[in-house]
file run-v5.csv (CSV, C-alpha atoms (C1' of nucleotides))
chain,number,residue,atom,x,y,z
A,185,MET,CA,30.2,4.1,-39.1
A,186,GLN,CA,27.9,2.0,-41.3
A,187,ARG,CA,24.3,3.0,-40.8
A,188,THR,CA,22.3,0.9,-43.2
A,189,HIS,CA,18.7,1.9,-42.7
A,190,GLN,CA,17.4,-1.2,-44.3
A,191,VAL,CA,14.4,-1.5,-42.2
A,192,GLU,CA,12.8,-4.8,-43.4
A,193,SER,CA,10.6,-6.1,-40.7
A,194,ARG,CA,7.1,-5.2,-41.3
A,195,ALA,CA,6.2,-5.8,-37.6
A,196,PHE,CA,8.9,-3.4,-36.4
A,197,ARG,CA,7.8,-0.7,-38.8
A,198,GLU,CA,4.3,-1.0,-37.5
A,199,VAL,CA,5.4,-0.7,-33.9
A,200,CYS,CA,7.4,2.4,-34.8
A,201,ALA,CA,4.4,4.0,-36.6
A,202,GLU,CA,2.1,3.2,-33.7
A,203,HIS,CA,4.4,4.8,-31.2
A,204,GLY,CA,5.8,7.6,-33.2
A,205,VAL,CA,9.4,6.4,-33.4
A,206,THR,CA,11.6,6.8,-36.4
A,207,PRO,CA,12.7,3.4,-37.5
A,208,THR,CA,16.4,2.8,-37.7
A,209,HIS,CA,18.6,-0.2,-38.0
A,210,GLN,CA,19.8,0.0,-34.5
A,211,ARG,CA,16.3,0.3,-33.1
A,212,GLN,CA,15.1,-2.6,-35.1
A,213,VAL,CA,17.9,-4.8,-33.8
A,214,LEU,CA,17.2,-3.6,-30.3
A,215,TYR,CA,13.6,-4.4,-30.6
A,216,GLU,CA,14.1,-7.8,-32.2
A,217,VAL,CA,16.7,-8.7,-29.5
A,218,MET,CA,14.2,-7.7,-26.8
A,219,GLN,CA,11.7,-10.1,-28.2
A,220,THR,CA,14.2,-13.0,-27.7
A,221,MET,CA,14.8,-11.9,-24.0
A,222,PRO,CA,11.6,-12.9,-22.2
A,223,GLY,CA,12.9,-11.9,-18.7
A,224,HIS,CA,13.7,-8.4,-17.3
A,225,PRO,CA,17.0,-7.5,-18.8
A,226,ASN,CA,19.0,-4.5,-17.9
A,227,PRO,CA,20.7,-2.2,-20.4
A,228,GLU,CA,24.1,-3.9,-20.1
A,229,GLU,CA,22.5,-7.3,-20.9
A,230,ILE,CA,20.7,-5.9,-23.9
A,231,TYR,CA,23.8,-4.2,-25.1
A,232,GLU,CA,25.7,-7.5,-25.0
A,233,ARG,CA,23.1,-9.2,-27.2
A,234,VAL,CA,22.8,-6.3,-29.6
A,235,LYS,CA,26.5,-6.2,-30.1
A,236,ARG,CA,26.4,-9.7,-31.6
A,237,ARG,CA,24.5,-8.3,-34.5
A,238,ILE,CA,26.0,-4.7,-34.6
A,239,PRO,CA,29.5,-5.0,-33.1
A,240,VAL,CA,30.1,-1.3,-33.4
A,241,ILE,CA,27.0,-0.1,-31.6
A,242,SER,CA,27.6,2.2,-28.6
A,243,LEU,CA,26.3,1.6,-25.2
A,244,ALA,CA,25.0,5.1,-25.2
A,245,THR,CA,22.8,4.3,-28.2
A,246,VAL,CA,21.3,1.4,-26.3
A,247,TYR,CA,20.5,3.6,-23.4
A,248,LYS,CA,19.1,6.4,-25.5
A,249,ASN,CA,16.8,4.0,-27.4
A,250,ILE,CA,15.7,2.2,-24.3
A,251,HIS,CA,14.6,5.5,-22.9
A,252,LEU,CA,12.9,6.4,-26.1
A,253,PHE,CA,11.1,3.1,-26.2
A,254,VAL,CA,10.0,3.5,-22.6
A,255,GLU,CA,8.8,7.0,-23.1
A,256,ARG,CA,6.8,6.0,-26.2
A,257,GLY,CA,5.4,2.9,-24.6
A,258,VAL,CA,7.2,0.2,-26.6
A,259,LEU,CA,8.9,-1.0,-23.4
A,260,LYS,CA,7.9,-0.6,-19.8
A,261,GLU,CA,10.1,-0.3,-16.8
A,262,VAL,CA,9.8,-3.1,-14.4
A,263,SER,CA,10.3,-0.7,-11.5
A,264,MET,CA,9.1,2.8,-11.4
A,265,HIS,CA,11.5,3.8,-8.6
A,266,HIS,CA,14.9,2.4,-9.1
A,267,GLY,CA,17.7,4.9,-9.5
A,268,SER,CA,18.5,5.4,-5.9
A,269,LEU,CA,17.7,3.4,-2.8
A,270,ARG,CA,14.6,4.5,-1.0
A,271,VAL,CA,13.6,3.2,2.4
A,272,GLU,CA,10.9,3.6,5.0
A,273,LEU,CA,10.2,2.5,8.5
A,274,ASN,CA,8.7,-1.0,8.5
A,275,ASN,CA,5.7,0.0,10.4
A,276,HIS,CA,2.2,-0.1,9.0
A,277,GLN,CA,1.1,-1.9,5.9
A,278,HIS,CA,0.6,0.4,2.9
A,279,HIS,CA,1.3,0.8,-0.8
A,280,HIS,CA,2.5,3.4,-3.2
A,281,MET,CA,1.2,5.7,-5.9
A,282,VAL,CA,4.0,6.6,-8.3
A,283,CYS,CA,3.8,9.4,-10.8
A,284,SER,CA,5.1,8.2,-14.1
A,285,GLN,CA,6.3,11.7,-15.0
A,286,CYS,CA,7.9,13.2,-11.9
A,287,LYS,CA,8.4,9.9,-10.1
A,288,ALA,CA,7.0,11.2,-6.9
A,289,ILE,CA,6.0,8.5,-4.5
A,290,THR,CA,2.9,8.9,-2.3
A,291,ASP,CA,1.7,6.4,0.3
A,292,ILE,CA,-1.8,4.9,-0.1
A,293,GLU,CA,-3.6,2.9,2.5
A,294,GLU,CA,-4.6,-0.6,1.7
A,295,LYS,CA,-8.3,0.2,2.3
A,296,ASP,CA,-8.2,2.9,-0.3
A,297,LEU,CA,-7.2,0.3,-2.9
A,298,GLY,CA,-10.4,-1.7,-2.8
A,299,VAL,CA,-10.3,-5.4,-3.0
A,300,LEU,CA,-6.9,-7.0,-2.5
A,301,PRO,CA,-5.3,-10.1,-4.0
A,302,ALA,CA,-5.7,-13.1,-1.7
A,303,LEU,CA,-2.3,-14.4,-1.0
A,304,GLN,CA,-2.3,-18.1,-1.8
A,305,ARG,CA,-0.1,-20.8,-3.2
A,306,LEU,CA,2.1,-19.3,-5.9
A,307,PRO,CA,3.8,-21.1,-8.8
A,308,GLY,CA,7.2,-22.6,-8.3
A,309,GLY,CA,7.2,-23.0,-4.5
A,310,PHE,CA,7.6,-19.3,-3.9
A,311,GLN,CA,7.3,-18.5,-0.3
A,312,VAL,CA,5.4,-15.3,0.1
A,313,GLU,CA,6.4,-12.7,2.7
A,314,ARG,CA,4.4,-9.7,1.6
A,315,TYR,CA,3.2,-7.9,-1.5
A,316,ALA,CA,3.8,-4.4,-2.6
A,317,ILE,CA,1.4,-2.6,-5.0
A,318,ASP,CA,2.5,0.3,-7.1
A,319,VAL,CA,-0.3,2.3,-8.6
A,320,ILE,CA,1.2,4.0,-11.6
A,321,GLY,CA,-0.3,7.1,-13.1
A,322,VAL,CA,0.0,10.9,-13.2
A,323,CYS,CA,-0.2,13.0,-10.1
A,324,ALA,CA,-2.3,16.1,-9.8
A,325,ALA,CA,0.7,18.4,-10.2
A,326,CYS,CA,1.8,16.9,-13.4
A,327,GLN,CA,-1.7,16.9,-14.8
A,328,ASN,CA,-1.8,20.6,-14.1
A,329,ALA,CA,1.6,21.2,-15.6
A,330,LYS,CA,0.6,19.4,-18.8
A,331,ALA,CA,-2.7,21.3,-19.0
A,332,SER,CA,-1.0,24.7,-19.0
B,96,MET,CA,36.3,10.6,16.6
B,97,GLN,CA,33.9,10.7,19.5
B,98,ARG,CA,31.8,7.7,19.8
B,99,THR,CA,29.7,8.3,22.9
B,100,HIS,CA,27.5,5.2,23.2
B,101,GLN,CA,25.1,6.9,25.4
B,102,VAL,CA,22.1,5.0,24.2
B,103,GLU,CA,19.3,6.5,26.1
B,104,SER,CA,16.1,5.9,24.2
B,105,ARG,CA,14.3,2.9,25.6
B,106,ALA,CA,12.3,2.5,22.3
B,107,PHE,CA,15.4,2.3,20.3
B,108,ARG,CA,17.0,-0.2,22.5
B,109,GLU,CA,13.9,-2.4,22.2
B,110,VAL,CA,14.0,-2.2,18.5
B,111,CYS,CA,17.6,-3.2,18.4
B,112,ALA,CA,16.9,-6.1,20.7
B,113,GLU,CA,14.0,-7.2,18.6
B,114,HIS,CA,16.0,-7.2,15.4
B,115,GLY,CA,19.4,-8.3,16.7
B,116,VAL,CA,21.2,-5.1,16.1
B,117,THR,CA,23.9,-3.7,18.4
B,118,PRO,CA,22.8,-0.3,19.5
B,119,THR,CA,25.2,2.5,18.8
B,120,HIS,CA,24.9,6.3,19.0
B,121,GLN,CA,25.0,6.6,15.2
B,122,ARG,CA,22.3,4.0,14.7
B,123,GLN,CA,20.1,5.6,17.3
B,124,VAL,CA,20.3,9.0,15.6
B,125,LEU,CA,19.7,7.3,12.2
B,126,TYR,CA,16.6,5.6,13.6
B,127,GLU,CA,15.3,8.7,15.3
B,128,VAL,CA,15.8,10.8,12.2
B,129,MET,CA,14.0,8.2,10.1
B,130,GLN,CA,11.0,8.6,12.4
B,131,THR,CA,10.8,12.3,11.5
B,132,MET,CA,10.9,11.6,7.8
B,133,PRO,CA,7.6,10.1,6.9
B,134,GLY,CA,8.2,9.8,3.2
B,135,HIS,CA,10.6,7.6,1.2
B,136,PRO,CA,14.0,9.2,1.7
B,137,ASN,CA,17.1,8.1,0.0
B,138,PRO,CA,20.5,7.7,1.7
B,139,GLU,CA,21.7,11.1,0.8
B,140,GLU,CA,18.7,12.8,2.3
B,141,ILE,CA,19.0,10.8,5.5
B,142,TYR,CA,22.7,11.6,5.7
B,143,GLU,CA,21.9,15.3,5.5
B,144,ARG,CA,19.5,15.1,8.4
B,145,VAL,CA,21.8,12.9,10.5
B,146,LYS,CA,24.7,15.3,10.0
B,147,ARG,CA,22.8,18.0,11.9
B,148,ARG,CA,23.1,15.9,15.0
B,149,ILE,CA,26.4,14.1,14.3
B,150,PRO,CA,28.4,16.5,12.0
B,151,VAL,CA,31.4,14.1,11.7
B,152,ILE,CA,29.3,11.0,10.6
B,153,SER,CA,30.5,9.4,7.4
B,154,LEU,CA,28.2,8.8,4.5
B,155,ALA,CA,29.5,5.2,4.4
B,156,THR,CA,28.3,4.7,7.9
B,157,VAL,CA,24.8,5.8,6.9
B,158,TYR,CA,24.8,3.4,4.0
B,159,LYS,CA,26.2,0.5,6.1
B,160,ASN,CA,23.5,1.0,8.7
B,161,ILE,CA,20.7,1.5,6.3
B,162,HIS,CA,21.6,-1.9,4.8
B,163,LEU,CA,21.9,-3.4,8.2
B,164,PHE,CA,18.4,-2.1,9.1
B,165,VAL,CA,16.9,-3.4,5.9
B,166,GLU,CA,18.5,-6.8,6.4
B,167,ARG,CA,17.2,-7.1,9.9
B,168,GLY,CA,13.8,-5.7,9.1
B,169,VAL,CA,13.9,-2.4,10.9
B,170,LEU,CA,13.5,-0.6,7.5
B,171,LYS,CA,12.1,-1.8,4.3
B,172,GLU,CA,13.1,-0.9,0.8
B,173,VAL,CA,10.4,0.9,-1.2
B,174,SER,CA,11.5,-0.9,-4.3
B,175,MET,CA,12.9,-4.4,-4.4
B,176,HIS,CA,14.5,-3.9,-7.8
B,177,HIS,CA,16.2,-0.7,-8.1
B,178,GLY,CA,19.9,-0.7,-8.7
B,179,SER,CA,19.8,-0.9,-12.4
B,180,LEU,CA,17.1,-0.2,-15.0
B,181,ARG,CA,15.1,-3.2,-16.0
B,182,VAL,CA,12.7,-3.3,-18.9
B,183,GLU,CA,10.3,-5.6,-20.6
B,184,LEU,CA,8.2,-5.5,-23.7
B,185,ASN,CA,4.9,-3.8,-23.1
B,186,ASN,CA,2.8,-6.8,-24.2
B,187,HIS,CA,0.6,-8.7,-21.8
B,188,GLN,CA,-0.5,-7.7,-18.4
B,189,HIS,CA,1.4,-9.5,-15.7
B,190,HIS,CA,3.1,-8.9,-12.3
B,191,HIS,CA,6.2,-10.0,-10.6
B,192,MET,CA,7.5,-12.2,-7.9
B,193,VAL,CA,10.7,-10.9,-6.4
B,194,CYS,CA,13.0,-12.9,-4.2
B,195,SER,CA,14.1,-10.9,-1.3
B,196,GLN,CA,17.4,-12.7,-1.1
B,197,CYS,CA,18.7,-13.2,-4.6
B,198,LYS,CA,16.5,-10.4,-6.2
B,199,ALA,CA,15.5,-12.7,-9.0
B,200,ILE,CA,12.3,-11.5,-10.8
B,201,THR,CA,9.8,-13.9,-12.1
B,202,ASP,CA,6.6,-13.1,-14.0
B,203,ILE,CA,3.3,-14.1,-12.5
B,204,GLU,CA,0.0,-14.0,-14.4
B,205,GLU,CA,-2.8,-11.8,-13.0
B,206,LYS,CA,-5.1,-14.8,-12.7
B,207,ASP,CA,-2.6,-16.6,-10.4
B,208,LEU,CA,-2.8,-13.7,-7.9
B,209,GLY,CA,-6.4,-14.2,-7.0
B,210,VAL,CA,-8.7,-11.2,-6.5
B,211,LEU,CA,-7.3,-7.9,-7.7
B,212,PRO,CA,-7.8,-4.4,-6.4
B,213,ALA,CA,-10.6,-2.6,-8.1
B,214,LEU,CA,-9.1,0.5,-9.6
B,215,GLN,CA,-11.2,3.4,-8.6
B,216,ARG,CA,-11.0,7.0,-7.5
B,217,LEU,CA,-7.7,7.6,-5.6
B,218,PRO,CA,-6.8,10.3,-3.1
B,219,GLY,CA,-5.5,13.6,-4.5
B,220,GLY,CA,-6.8,13.4,-8.0
B,221,PHE,CA,-4.2,10.9,-9.0
B,222,GLN,CA,-4.9,9.6,-12.5
B,223,VAL,CA,-4.4,5.9,-12.7
B,224,GLU,CA,-2.7,4.3,-15.7
B,225,ARG,CA,-2.0,0.8,-14.4
B,226,TYR,CA,-0.9,-1.0,-11.3
B,227,ALA,CA,2.1,-3.2,-10.7
B,228,ILE,CA,2.1,-5.8,-8.0
B,229,ASP,CA,5.3,-7.2,-6.5
B,230,VAL,CA,5.0,-10.4,-4.6
B,231,ILE,CA,8.0,-10.4,-2.3
B,232,GLY,CA,9.3,-13.6,-0.7
B,233,VAL,CA,11.8,-16.3,-1.0
B,234,CYS,CA,12.2,-18.3,-4.2
B,235,ALA,CA,12.6,-22.1,-4.2
B,236,ALA,CA,16.3,-21.9,-4.9
B,237,CYS,CA,17.0,-19.7,-2.0
B,238,GLN,CA,14.8,-21.8,0.3
B,239,ASN,CA,16.9,-24.8,-0.6
B,240,ALA,CA,20.2,-22.9,-0.2
B,241,LYS,CA,19.2,-21.9,3.3
B,242,ALA,CA,18.0,-25.4,4.2
B,243,SER,CA,21.4,-27.0,3.4
C,93,DT,C1',43.3,-0.7,35.7
C,94,DT,C1',45.3,-2.9,31.6
C,95,DG,C1',45.5,-5.6,27.5
C,96,DA,C1',43.4,-8.0,23.9
C,97,DC,C1',39.7,-8.7,20.6
C,98,DG,C1',36.0,-8.0,17.5
C,99,DA,C1',32.5,-4.8,15.9
C,100,DA,C1',31.7,-0.2,14.4
C,101,DC,C1',33.3,3.9,12.5
C,102,DG,C1',35.4,7.6,9.3
C,103,DA,C1',38.0,8.9,5.3
C,104,DT,C1',38.5,8.1,0.9
C,105,DA,C1',39.6,5.5,-3.2
C,106,DA,C1',37.3,2.6,-6.4
C,107,DT,C1',33.5,0.8,-9.0
C,108,DC,C1',29.3,0.7,-11.5
C,109,DA,C1',25.4,2.6,-13.8
C,110,DT,C1',23.9,6.3,-16.3
C,111,DT,C1',24.1,10.8,-18.6
C,112,DA,C1',26.1,14.6,-21.2
C,113,DT,C1',28.9,16.4,-24.8
C,114,DC,C1',30.4,16.7,-29.1
C,115,DG,C1',31.9,15.7,-33.7
C,116,DT,C1',30.3,12.9,-37.6
C,117,DC,C1',27.0,10.6,-40.4
C,118,DT,C1',22.6,9.8,-42.8
C,119,DA,C1',18.2,10.5,-44.9
C,120,DC,C1',15.5,13.9,-46.6
C,121,DT,C1',14.5,18.2,-48.9
C,122,DA,C1',15.2,22.6,-51.1
D,154,DT,C1',24.5,19.1,-54.1
D,155,DA,C1',24.1,22.0,-50.2
D,156,DG,C1',21.4,22.4,-46.0
D,157,DT,C1',19.3,20.5,-42.0
D,158,DA,C1',17.6,17.7,-38.2
D,159,DG,C1',17.8,13.6,-36.1
D,160,DA,C1',20.6,9.6,-35.0
D,161,DC,C1',24.8,7.6,-33.8
D,162,DG,C1',29.6,6.6,-31.7
D,163,DA,C1',33.3,7.7,-28.6
D,164,DT,C1',34.2,9.1,-24.5
D,165,DA,C1',34.3,12.3,-20.6
D,166,DA,C1',31.6,13.4,-16.6
D,167,DT,C1',28.5,12.6,-13.0
D,168,DG,C1',26.1,10.3,-9.3
D,169,DA,C1',25.2,6.5,-6.4
D,170,DT,C1',27.1,2.9,-4.0
D,171,DT,C1',30.7,-0.2,-2.3
D,172,DA,C1',35.3,-1.6,-0.8
D,173,DT,C1',39.4,-0.8,1.8
D,174,DC,C1',41.9,0.3,5.5
D,175,DG,C1',43.5,2.4,9.6
D,176,DT,C1',41.5,3.9,14.0
D,177,DT,C1',38.4,3.8,17.9
D,178,DC,C1',35.0,1.8,21.0
D,179,DG,C1',33.0,-1.4,24.2
D,180,DT,C1',33.5,-5.7,26.5
D,181,DC,C1',35.6,-9.2,28.9
D,182,DA,C1',39.1,-11.3,31.4
D,183,DA,C1',43.6,-11.1,33.7
call {"tool": "encode", "arguments": {"input": "run-v5.csv", "output": "structure tokens"}}
result
Amino acid sequence: MQRTHQVESRAFREVCAEHGVTPTHQRQVLYEVMQTMPGHPNPEEIYERVKRRIPVISLATVYKNIHLFVERGVLKEVSMHHGSLRVELNNHQHHHMVCSQCKAITDIEEKDLGVLPALQRLPGGFQVERYAIDVIGVCAACQNAKAS
Amino acid sequence: MQRTHQVESRAFREVCAEHGVTPTHQRQVLYEVMQTMPGHPNPEEIYERVKRRIPVISLATVYKNIHLFVERGVLKEVSMHHGSLRVELNNHQHHHMVCSQCKAITDIEEKDLGVLPALQRLPGGFQVERYAIDVIGVCAACQNAKAS
DNA sequence: TTGACGAACGATAATCATTATCGTCTACTA
DNA sequence: TAGTAGACGATAATGATTATCGTTCGTCAA
């Protein structure tokens, strides 16, 4: 295993300092690779890219550091509730509040959200069916847990 | 295996007719159980409940019928992009368009959405961090594919 | 009725994504 | 220059989901 901690990029070191992350070579490559992937890559895709620069890196390391980055705010998850399929009856229009800590999902009525986006022509000929709003934050229970 | 297709509930038969689903006993129980689960259950939770009424039902059947119901619009998925973790750099504020057929995710700028919900006091002391809007619909590529 | 057919089901193996474990390595410090 | 905590790599284990396949059911026609 060669772990050359030659952390060169000033930008990367600043990001680490800002978010309280120890800079390592693997993390730097992960971060730089992410900057070249503008979409919404999954861990496997990121792993494939990172391997080009660090062929011996482990997939587990990629996972561990993605989680660390998300936890510290360097990355954000595109979806707060993936993990397992969740469904609901297709009845009334509503949206969701998602706790970023315990991942609990609570319904919220459209009227409680205030003004809503006006659905209109969207870029690229995208044909709109509906929209789903996730309000992301911390639920009361987790606020109390943290306070104690 | 006892498959007694005694479909009695008028409401269920109507739902099936509306959505083009063949009514079966298993599907009826699944549907009725869902009506008693107001939250956002996952397949395992639904399976546990359904088993109380049909002890010999297979988990695979539950999955198959959940997918069928989602496909035909009886149920809807809480998240359009679960399945695998997807991340992005936490840079600029934007939202997502998700194709309900191919699941492709495209960024959309906040200004292209029109009016936005005013973040305000939410029910239950929920502390808001941010909100994420998914515009769900059919992308241009899938529209063309269907047209041909 | 009986026979044939296609859809639905149940059991379970297989797959895929993710996490846990554990031994080793590295940077830092005493 | 030994000790230590955090980071890493290899890989086993887990959990969710899907695929396969043989059986059963409901329907339709003979």
call {"tool": "atom_distance", "arguments": {"input": "run-v5.csv", "atom1": "CA of Arg147 in chain B", "atom2": "CA of Leu125 in chain B"}}
result
11.1 Å
call {"tool": "interface_residues", "arguments": {"input": "run-v5.csv", "of": "chain C", "to": "chain A", "cutoff": "10 Å", "atoms": "all atoms listed in the file", "output": "PyMOL selection string"}}
result
chain C and resi 109-111+116-119
call {"tool": "interface_residues", "arguments": {"input": "run-v5.csv", "of": "chain D", "to": "chain B", "cutoff": "9 Å", "atoms": "all atoms listed in the file", "output": "VMD selection string"}}
result
chain D and resid 170 to 171 176 to 179
call {"tool": "interface_residues", "arguments": {"input": "run-v5.csv", "of": "chain B", "to": "chain A", "cutoff": "6 Å", "atoms": "all atoms listed in the file", "output": "count of residues only"}}
result
38
call {"tool": "atom_distance", "arguments": {"input": "run-v5.csv", "atom1": "C1' of DC161 in chain D", "atom2": "CA of Arg237 in chain A"}}
result
15.9 Å
call {"tool": "residues_around", "arguments": {"input": "run-v5.csv", "residues": "DA183 in chain D", "least_positions_apart": "5", "cutoff": "12 Å", "atoms": "all atoms listed in the file", "output": "ChimeraX atom specification"}}
result
/C:93-96
call {"tool": "atom_distance", "arguments": {"input": "run-v5.csv", "atom1": "CA of Arg256 in chain A", "atom2": "C1' of DA165 in chain D"}}
result
28.8 Å
call {"tool": "build_atoms", "arguments": {"input": "run-v5.csv", "residues": "range 192-211 of chain A", "atoms": "N, CA and C atoms", "output": "PDB file, in the frame of the given file"}}
result
ATOM      1  N   GLU A 192      13.586  -3.768 -42.600  1.00  0.00           N
ATOM      2  CA  GLU A 192      12.800  -4.800 -43.400  1.00  0.00           C
ATOM      3  C   GLU A 192      11.577  -5.235 -42.662  1.00  0.00           C
ATOM      4  N   SER A 193      11.732  -5.508 -41.367  1.00  0.00           N
ATOM      5  CA  SER A 193      10.600  -6.100 -40.700  1.00  0.00           C
ATOM      6  C   SER A 193       9.378  -5.281 -40.699  1.00  0.00           C
ATOM      7  N   ARG A 194       8.322  -5.885 -41.215  1.00  0.00           N
ATOM      8  CA  ARG A 194       7.100  -5.200 -41.300  1.00  0.00           C
ATOM      9  C   ARG A 194       6.554  -4.900 -39.854  1.00  0.00           C
ATOM     10  N   ALA A 195       6.666  -5.921 -38.992  1.00  0.00           N
ATOM     11  CA  ALA A 195       6.200  -5.800 -37.600  1.00  0.00           C
ATOM     12  C   ALA A 195       6.872  -4.609 -36.931  1.00  0.00           C
ATOM     13  N   PHE A 196       8.169  -4.509 -37.101  1.00  0.00           N
ATOM     14  CA  PHE A 196       8.900  -3.400 -36.400  1.00  0.00           C
ATOM     15  C   PHE A 196       8.441  -2.068 -36.957  1.00  0.00           C
ATOM     16  N   ARG A 197       8.251  -1.972 -38.265  1.00  0.00           N
ATOM     17  CA  ARG A 197       7.800  -0.700 -38.800  1.00  0.00           C
ATOM     18  C   ARG A 197       6.440  -0.292 -38.273  1.00  0.00           C
ATOM     19  N   GLU A 198       5.616  -1.289 -38.100  1.00  0.00           N
ATOM     20  CA  GLU A 198       4.300  -1.000 -37.500  1.00  0.00           C
ATOM     21  C   GLU A 198       4.389  -0.502 -36.108  1.00  0.00           C
ATOM     22  N   VAL A 199       5.245  -1.148 -35.332  1.00  0.00           N
ATOM     23  CA  VAL A 199       5.400  -0.700 -33.900  1.00  0.00           C
ATOM     24  C   VAL A 199       5.907   0.729 -33.919  1.00  0.00           C
ATOM     25  N   CYS A 200       6.844   1.053 -34.799  1.00  0.00           N
ATOM     26  CA  CYS A 200       7.400   2.400 -34.800  1.00  0.00           C
ATOM     27  C   CYS A 200       6.272   3.415 -35.191  1.00  0.00           C
ATOM     28  N   ALA A 201       5.497   3.057 -36.182  1.00  0.00           N
ATOM     29  CA  ALA A 201       4.400   4.000 -36.600  1.00  0.00           C
ATOM     30  C   ALA A 201       3.429   4.173 -35.460  1.00  0.00           C
ATOM     31  N   GLU A 202       3.076   3.085 -34.810  1.00  0.00           N
ATOM     32  CA  GLU A 202       2.100   3.200 -33.700  1.00  0.00           C
ATOM     33  C   GLU A 202       2.604   4.106 -32.594  1.00  0.00           C
ATOM     34  N   HIS A 203       3.915   4.060 -32.322  1.00  0.00           N
ATOM     35  CA  HIS A 203       4.400   4.800 -31.200  1.00  0.00           C
ATOM     36  C   HIS A 203       5.194   6.039 -31.518  1.00  0.00           C
ATOM     37  N   GLY A 204       5.174   6.401 -32.788  1.00  0.00           N
ATOM     38  CA  GLY A 204       5.800   7.600 -33.200  1.00  0.00           C
ATOM     39  C   GLY A 204       7.330   7.625 -33.040  1.00  0.00           C
ATOM     40  N   VAL A 205       7.939   6.515 -33.461  1.00  0.00           N
ATOM     41  CA  VAL A 205       9.400   6.400 -33.400  1.00  0.00           C
ATOM     42  C   VAL A 205       9.956   6.229 -34.774  1.00  0.00           C
ATOM     43  N   THR A 206      10.988   6.988 -35.067  1.00  0.00           N
ATOM     44  CA  THR A 206      11.600   6.800 -36.400  1.00  0.00           C
ATOM     45  C   THR A 206      12.338   5.490 -36.426  1.00  0.00           C
ATOM     46  N   PRO A 207      12.039   4.672 -37.443  1.00  0.00           N
ATOM     47  CA  PRO A 207      12.700   3.400 -37.500  1.00  0.00           C
ATOM     48  C   PRO A 207      14.141   3.497 -37.994  1.00  0.00           C
ATOM     49  N   THR A 208      15.043   2.910 -37.244  1.00  0.00           N
ATOM     50  CA  THR A 208      16.400   2.800 -37.700  1.00  0.00           C
ATOM     51  C   THR A 208      16.917   1.413 -37.519  1.00  0.00           C
ATOM     52  N   HIS A 209      18.048   1.139 -38.119  1.00  0.00           N
ATOM     53  CA  HIS A 209      18.600  -0.200 -38.000  1.00  0.00           C
ATOM     54  C   HIS A 209      18.860  -0.611 -36.590  1.00  0.00           C
ATOM     55  N   GLN A 210      19.522   0.295 -35.852  1.00  0.00           N
ATOM     56  CA  GLN A 210      19.800   0.000 -34.500  1.00  0.00           C
ATOM     57  C   GLN A 210      18.590  -0.292 -33.642  1.00  0.00           C
ATOM     58  N   ARG A 211      17.568   0.519 -33.861  1.00  0.00           N
ATOM     59  CA  ARG A 211      16.300   0.300 -33.100  1.00  0.00           C
ATOM     60  C   ARG A 211      15.658  -0.988 -33.441  1.00  0.00           C
TER      61      ARG A 211
END
